[in-house]
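Report on the structure given below.
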Amino acid sequence: MSKSIIVEGKTTTEAIEKGLKQLNATKSMVEIKTIDEEKKRSFYSILAPRIVKIEMTLKETAEKTEKPIKRTKREINKNLDEIEKVAKKIKEFFISILDKDYTCDVTIDNYCIYVKINGEDISHLIGYRGSTINALQTIASAIANKNTSSKIIVIVDVENYKEKREKTLEELAEKISERVIKTKKSVTLDPMSAYERKIIHMKLQDNDKVKTFSKGEEPHRRIVITLK
């Protein structure tokens, strides 16, 4: 049986907000019916408080909705034998898709697999702001984590792009933070990947005058730098 409550408020909006709190629901999860709303007011009742009364019914589908399952983070794989086998597969994959003029070095450090690609005229493997590198890393991670019980981290880089990009972003963070402090106005940066946003956040996390936060939806999520 659907749950219903009667709620009063000075306005319909106020009554709805009260009801949603009582039912612990969102507006899409309920049916709302106004059952008592003050009509045209007379001169003698002008000082009397205005009251709106509504009936709010929780939809059956909302009552039956199961609570979302909390996903636990996968532990990092520390089985070196398994990681070495995966690293071999990763190298075979890159050799199969790369031109013979390029070199692909695959190493293991601290249980992570690092893929470094080098060669001449290789900018197309970087892409705009590393978009192609990110795509290659996504594919490599999917290969690495297929049929594994714990997570294997794969980092792909081309001509040390990520190292150079990290330095550029750190310099940008410093420059923008100084502008924010000087002008006392917030600055919203261009959309960035999660990897790049993390670099900005990390660089300014200990700054005692500015703070950072992200806004928007992927792939257009941006960082905002503002005064504390």
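Residue names in the structure tokens use chain letters A, B, ... in the order shown, residue numbers from 1 in each chain, and ligand numbers from 1 in the order shown.
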Report as a PyMOL selection string all protein, DNA and RNA residues lying within 9 Å of His201 (chain A), evaluated on only C-alpha atoms, omitting residues in the same chain fewer than 5 positions from it. chain A and resi 173+196+211-213+223
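On the backbone of this structure, DSSP gives strand (DSSP E or B) within region 92-177 of chain A to Thr103, Cys104, Asp105, Val106, Thr107, Ile108, Asp109, Cys112, Ile113, Tyr114, Val115, Lys116, Ile117, Asn118, Lys151, Ile153, Val154, Ile155, Val156, Asp157 and Val158 of chain A.
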So which residues touch Ala15 (chain A) within 12 Å, counting only C-alpha atoms, skipping near sequence neighbours fewer than 6 positions away, as a ChimeraX atom specification? /A:5-9,21-22,32-37,50-56
Any idea what the distance is between CA of Arg221 (chain A) and CA of Arg129 (chain A)?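 These atoms are spaced 14.5 Å apart.
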Show me, as a compact mmCIF listing (two decimals) with N, CA, C and O atoms, in the first residue's frame, the residues that have an atom within 12 Å of Ser214 (chain A) when counting only C-alpha atoms, minus same-chain residues fewer than 6 positions from it.
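Listed below is the output, around10.txt:
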# COMPACT_ATOMS: atom_id res chain seq x y z
N VAL A 187 38.50 32.12 -10.89
CA VAL A 187 38.83 31.81 -12.28
C VAL A 187 38.43 30.37 -12.57
O VAL A 187 38.75 29.46 -11.80
N THR A 188 37.70 30.19 -13.66
CA THR A 188 37.29 28.85 -14.10
C THR A 188 38.15 28.44 -15.28
O THR A 188 38.20 29.15 -16.29
N LEU A 189 38.84 27.32 -15.17
CA LEU A 189 39.73 26.85 -16.22
C LEU A 189 38.97 26.10 -17.31
O LEU A 189 37.80 25.75 -17.13
N ASP A 190 39.65 25.85 -18.42
CA ASP A 190 39.07 25.07 -19.51
C ASP A 190 38.82 23.63 -19.04
O ASP A 190 39.45 23.17 -18.08
N PRO A 191 37.92 22.92 -19.70
CA PRO A 191 37.67 21.51 -19.33
C PRO A 191 38.96 20.69 -19.36
O PRO A 191 39.80 20.88 -20.24
N MET A 192 39.10 19.81 -18.39
CA MET A 192 40.28 18.95 -18.29
C MET A 192 39.86 17.54 -17.93
O MET A 192 38.78 17.32 -17.39
N SER A 193 40.76 16.61 -18.20
CA SER A 193 40.53 15.22 -17.80
C SER A 193 40.71 15.10 -16.29
O SER A 193 41.27 16.00 -15.64
N ALA A 194 40.24 14.00 -15.72
CA ALA A 194 40.38 13.78 -14.28
C ALA A 194 41.86 13.79 -13.88
O ALA A 194 42.22 14.31 -12.81
N GLU A 196 44.34 15.48 -15.27
CA GLU A 196 44.86 16.84 -15.26
C GLU A 196 44.29 17.66 -14.11
O GLU A 196 45.00 18.47 -13.51
N ARG A 197 43.02 17.45 -13.81
CA ARG A 197 42.42 18.18 -12.69
C ARG A 197 43.10 17.81 -11.38
O ARG A 197 43.30 18.67 -10.51
N LYS A 198 43.47 16.55 -11.25
CA LYS A 198 44.14 16.10 -10.03
C LYS A 198 45.46 16.82 -9.84
O LYS A 198 45.83 17.17 -8.70
N ILE A 200 46.20 19.89 -10.78
CA ILE A 200 45.90 21.24 -10.30
C ILE A 200 45.53 21.22 -8.82
O ILE A 200 46.02 22.02 -8.02
N HIS A 201 44.64 20.29 -8.46
CA HIS A 201 44.21 20.18 -7.05
C HIS A 201 45.41 19.93 -6.14
O HIS A 201 45.54 20.57 -5.08
N HIS A 220 33.20 17.73 -19.88
CA HIS A 220 33.34 19.18 -19.82
C HIS A 220 33.54 19.68 -18.39
O HIS A 220 33.25 20.83 -18.09
N ARG A 221 34.03 18.81 -17.52
CA ARG A 221 34.24 19.18 -16.11
C ARG A 221 35.42 20.14 -16.01
O ARG A 221 36.47 19.93 -16.62
N ARG A 222 35.24 21.19 -15.21
CA ARG A 222 36.26 22.25 -15.10
C ARG A 222 36.67 22.45 -13.65
O ARG A 222 35.92 22.14 -12.73
N ILE A 223 37.84 23.04 -13.47
CA ILE A 223 38.32 23.40 -12.15
C ILE A 223 38.07 24.89 -11.92
O ILE A 223 38.28 25.71 -12.81
N VAL A 224 37.64 25.23 -10.71
CA VAL A 224 37.47 26.62 -10.31
C VAL A 224 38.48 26.90 -9.20
O VAL A 224 38.62 26.15 -8.25
N ILE A 225 39.22 27.99 -9.37
CA ILE A 225 40.18 28.44 -8.37
C ILE A 225 39.63 29.72 -7.75
O ILE A 225 39.33 30.68 -8.47
N THR A 226 39.46 29.72 -6.43
CA THR A 226 38.84 30.86 -5.76
C THR A 226 39.51 31.12 -4.42
O THR A 226 40.27 30.28 -3.92
Which of region 6-213 of chain A counts as helix (DSSP H, G or I) under DSSP, as a ChimeraX atom specification please? /A:12-23,27-29,43-45,60-64,80-97,123-125,128-144,161-183,194-204
If we count only C-alpha atoms and set the cut-off at 10 Å, which residues sit around Val86 (chain A), ignoring sequence neighbours fewer than 4 positions away in its own chain? Please answer as a PDB file with all heavy atoms, in the first residue's frame.
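File out-v1.pdb, as written:
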ATOM      1  N   LEU A  80      53.451 -10.370  -8.543  1.00  0.00           N
ATOM      2  CA  LEU A  80      54.401  -9.994  -9.598  1.00  0.00           C
ATOM      3  C   LEU A  80      54.384 -10.960 -10.777  1.00  0.00           C
ATOM      4  O   LEU A  80      54.572 -10.541 -11.928  1.00  0.00           O
ATOM      5  CB  LEU A  80      55.818  -9.894  -9.015  1.00  0.00           C
ATOM      6  CG  LEU A  80      56.101  -8.629  -8.188  1.00  0.00           C
ATOM      7  CD1 LEU A  80      57.488  -8.690  -7.570  1.00  0.00           C
ATOM      8  CD2 LEU A  80      55.952  -7.382  -9.042  1.00  0.00           C
ATOM      9  N   ASP A  81      54.165 -12.232 -10.510  1.00  0.00           N
ATOM     10  CA  ASP A  81      54.101 -13.200 -11.606  1.00  0.00           C
ATOM     11  C   ASP A  81      52.943 -12.852 -12.544  1.00  0.00           C
ATOM     12  O   ASP A  81      53.095 -12.870 -13.770  1.00  0.00           O
ATOM     13  CB  ASP A  81      53.915 -14.625 -11.050  1.00  0.00           C
ATOM     14  CG  ASP A  81      55.185 -15.145 -10.381  1.00  0.00           C
ATOM     15  OD1 ASP A  81      56.276 -14.633 -10.721  1.00  0.00           O
ATOM     16  OD2 ASP A  81      55.076 -16.056  -9.539  1.00  0.00           O
ATOM     17  N   GLU A  82      51.798 -12.546 -11.964  1.00  0.00           N
ATOM     18  CA  GLU A  82      50.630 -12.197 -12.767  1.00  0.00           C
ATOM     19  C   GLU A  82      50.848 -10.869 -13.492  1.00  0.00           C
ATOM     20  O   GLU A  82      50.481 -10.719 -14.663  1.00  0.00           O
ATOM     21  CB  GLU A  82      49.384 -12.108 -11.872  1.00  0.00           C
ATOM     22  CG  GLU A  82      48.092 -11.938 -12.671  1.00  0.00           C
ATOM     23  CD  GLU A  82      46.861 -12.030 -11.790  1.00  0.00           C
ATOM     24  OE1 GLU A  82      47.005 -12.154 -10.551  1.00  0.00           O
ATOM     25  OE2 GLU A  82      45.756 -11.969 -12.344  1.00  0.00           O
ATOM     26  N   ILE A  90      50.470  -6.651 -22.724  1.00  0.00           N
ATOM     27  CA  ILE A  90      50.372  -5.231 -23.052  1.00  0.00           C
ATOM     28  C   ILE A  90      51.388  -4.864 -24.133  1.00  0.00           C
ATOM     29  O   ILE A  90      51.084  -4.151 -25.095  1.00  0.00           O
ATOM     30  CB  ILE A  90      50.608  -4.361 -21.794  1.00  0.00           C
ATOM     31  CG1 ILE A  90      49.498  -4.582 -20.762  1.00  0.00           C
ATOM     32  CG2 ILE A  90      50.700  -2.880 -22.171  1.00  0.00           C
ATOM     33  CD1 ILE A  90      48.135  -4.146 -21.189  1.00  0.00           C
ATOM     34  N   LYS A  91      52.605  -5.374 -23.996  1.00  0.00           N
ATOM     35  CA  LYS A  91      53.637  -5.066 -24.986  1.00  0.00           C
ATOM     36  C   LYS A  91      53.270  -5.650 -26.344  1.00  0.00           C
ATOM     37  O   LYS A  91      53.441  -4.998 -27.387  1.00  0.00           O
ATOM     38  CB  LYS A  91      54.995  -5.603 -24.536  1.00  0.00           C
ATOM     39  CG  LYS A  91      56.121  -5.212 -25.472  1.00  0.00           C
ATOM     40  CD  LYS A  91      57.477  -5.321 -24.833  1.00  0.00           C
ATOM     41  CE  LYS A  91      58.553  -4.750 -25.746  1.00  0.00           C
ATOM     42  NZ  LYS A  91      59.888  -4.738 -25.111  1.00  0.00           N
ATOM     43  N   GLU A  92      52.768  -6.874 -26.358  1.00  0.00           N
ATOM     44  CA  GLU A  92      52.345  -7.512 -27.614  1.00  0.00           C
ATOM     45  C   GLU A  92      51.249  -6.694 -28.288  1.00  0.00           C
ATOM     46  O   GLU A  92      51.229  -6.548 -29.516  1.00  0.00           O
ATOM     47  CB  GLU A  92      51.860  -8.943 -27.344  1.00  0.00           C
ATOM     48  CG  GLU A  92      52.973  -9.902 -26.943  1.00  0.00           C
ATOM     49  CD  GLU A  92      52.441 -11.264 -26.528  1.00  0.00           C
ATOM     50  OE1 GLU A  92      51.188 -11.385 -26.389  1.00  0.00           O
ATOM     51  OE2 GLU A  92      53.241 -12.197 -26.317  1.00  0.00           O
ATOM     52  N   ILE A 113      52.357  -1.039 -14.190  1.00  0.00           N
ATOM     53  CA  ILE A 113      52.949  -1.277 -15.511  1.00  0.00           C
ATOM     54  C   ILE A 113      53.065   0.064 -16.235  1.00  0.00           C
ATOM     55  O   ILE A 113      52.080   0.785 -16.385  1.00  0.00           O
ATOM     56  CB  ILE A 113      52.082  -2.242 -16.337  1.00  0.00           C
ATOM     57  CG1 ILE A 113      52.015  -3.609 -15.650  1.00  0.00           C
ATOM     58  CG2 ILE A 113      52.635  -2.378 -17.754  1.00  0.00           C
ATOM     59  CD1 ILE A 113      51.065  -4.588 -16.334  1.00  0.00           C
ATOM     60  N   ALA A 140      44.557  -0.248 -22.749  1.00  0.00           N
ATOM     61  CA  ALA A 140      45.571  -1.072 -22.093  1.00  0.00           C
ATOM     62  C   ALA A 140      45.101  -1.529 -20.716  1.00  0.00           C
ATOM     63  O   ALA A 140      45.326  -2.676 -20.314  1.00  0.00           O
ATOM     64  CB  ALA A 140      46.881  -0.295 -21.980  1.00  0.00           C
ATOM     65  N   ILE A 143      42.652  -4.384 -21.088  1.00  0.00           N
ATOM     66  CA  ILE A 143      43.360  -5.640 -21.384  1.00  0.00           C
ATOM     67  C   ILE A 143      43.992  -6.203 -20.113  1.00  0.00           C
ATOM     68  O   ILE A 143      43.917  -7.395 -19.829  1.00  0.00           O
ATOM     69  CB  ILE A 143      44.436  -5.409 -22.462  1.00  0.00           C
ATOM     70  CG1 ILE A 143      43.779  -5.028 -23.795  1.00  0.00           C
ATOM     71  CG2 ILE A 143      45.317  -6.650 -22.637  1.00  0.00           C
ATOM     72  CD1 ILE A 143      44.767  -4.576 -24.856  1.00  0.00           C
ATOM     73  N   ALA A 144      44.605  -5.303 -19.337  1.00  0.00           N
ATOM     74  CA  ALA A 144      45.322  -5.729 -18.133  1.00  0.00           C
ATOM     75  C   ALA A 144      44.392  -6.307 -17.077  1.00  0.00           C
ATOM     76  O   ALA A 144      44.758  -7.236 -16.352  1.00  0.00           O
ATOM     77  CB  ALA A 144      46.101  -4.548 -17.554  1.00  0.00           C
ATOM     78  N   ASN A 145      43.187  -5.755 -16.988  1.00  0.00           N
ATOM     79  CA  ASN A 145      42.290  -6.151 -15.903  1.00  0.00           C
ATOM     80  C   ASN A 145      41.230  -7.169 -16.316  1.00  0.00           C
ATOM     81  O   ASN A 145      40.296  -7.448 -15.560  1.00  0.00           O
ATOM     82  CB  ASN A 145      41.627  -4.900 -15.320  1.00  0.00           C
ATOM     83  CG  ASN A 145      42.607  -4.074 -14.504  1.00  0.00           C
ATOM     84  OD1 ASN A 145      42.900  -4.385 -13.364  1.00  0.00           O
ATOM     85  ND2 ASN A 145      43.121  -3.018 -15.099  1.00  0.00           N
ATOM     86  N   LYS A 146      41.368  -7.726 -17.506  1.00  0.00           N
ATOM     87  CA  LYS A 146      40.441  -8.761 -17.932  1.00  0.00           C
ATOM     88  C   LYS A 146      40.758 -10.067 -17.196  1.00  0.00           C
ATOM     89  O   LYS A 146      41.884 -10.535 -17.190  1.00  0.00           O
ATOM     90  CB  LYS A 146      40.548  -8.975 -19.448  1.00  0.00           C
ATOM     91  CG  LYS A 146      39.525  -9.944 -19.998  1.00  0.00           C
ATOM     92  CD  LYS A 146      39.658 -10.074 -21.506  1.00  0.00           C
ATOM     93  CE  LYS A 146      38.618 -11.043 -22.061  1.00  0.00           C
ATOM     94  NZ  LYS A 146      38.724 -11.192 -23.539  1.00  0.00           N
ATOM     95  N   THR A 148      41.013 -10.633 -14.017  1.00  0.00           N
ATOM     96  CA  THR A 148      41.890 -10.528 -12.847  1.00  0.00           C
ATOM     97  C   THR A 148      41.045 -10.207 -11.622  1.00  0.00           C
ATOM     98  O   THR A 148      40.066  -9.461 -11.707  1.00  0.00           O
ATOM     99  CB  THR A 148      42.958  -9.431 -13.029  1.00  0.00           C
ATOM    100  OG1 THR A 148      42.319  -8.182 -13.272  1.00  0.00           O
ATOM    101  CG2 THR A 148      43.898  -9.770 -14.171  1.00  0.00           C
ATOM    102  N   ILE A 152      45.081  -3.990 -11.721  1.00  0.00           N
ATOM    103  CA  ILE A 152      46.433  -3.750 -12.231  1.00  0.00           C
ATOM    104  C   ILE A 152      46.443  -2.369 -12.886  1.00  0.00           C
ATOM    105  O   ILE A 152      45.638  -2.077 -13.765  1.00  0.00           O
ATOM    106  CB  ILE A 152      46.860  -4.824 -13.250  1.00  0.00           C
ATOM    107  CG1 ILE A 152      46.935  -6.183 -12.564  1.00  0.00           C
ATOM    108  CG2 ILE A 152      48.205  -4.465 -13.882  1.00  0.00           C
ATOM    109  CD1 ILE A 152      47.310  -7.325 -13.502  1.00  0.00           C
ATOM    110  N   VAL A 154      47.910   0.552 -15.214  1.00  0.00           N
ATOM    111  CA  VAL A 154      48.736   0.725 -16.410  1.00  0.00           C
ATOM    112  C   VAL A 154      48.844   2.227 -16.716  1.00  0.00           C
ATOM    113  O   VAL A 154      47.831   2.922 -16.797  1.00  0.00           O
ATOM    114  CB  VAL A 154      48.141   0.001 -17.628  1.00  0.00           C
ATOM    115  CG1 VAL A 154      49.047   0.173 -18.846  1.00  0.00           C
ATOM    116  CG2 VAL A 154      47.922  -1.473 -17.325  1.00  0.00           C
TER     117      VAL A 154
END
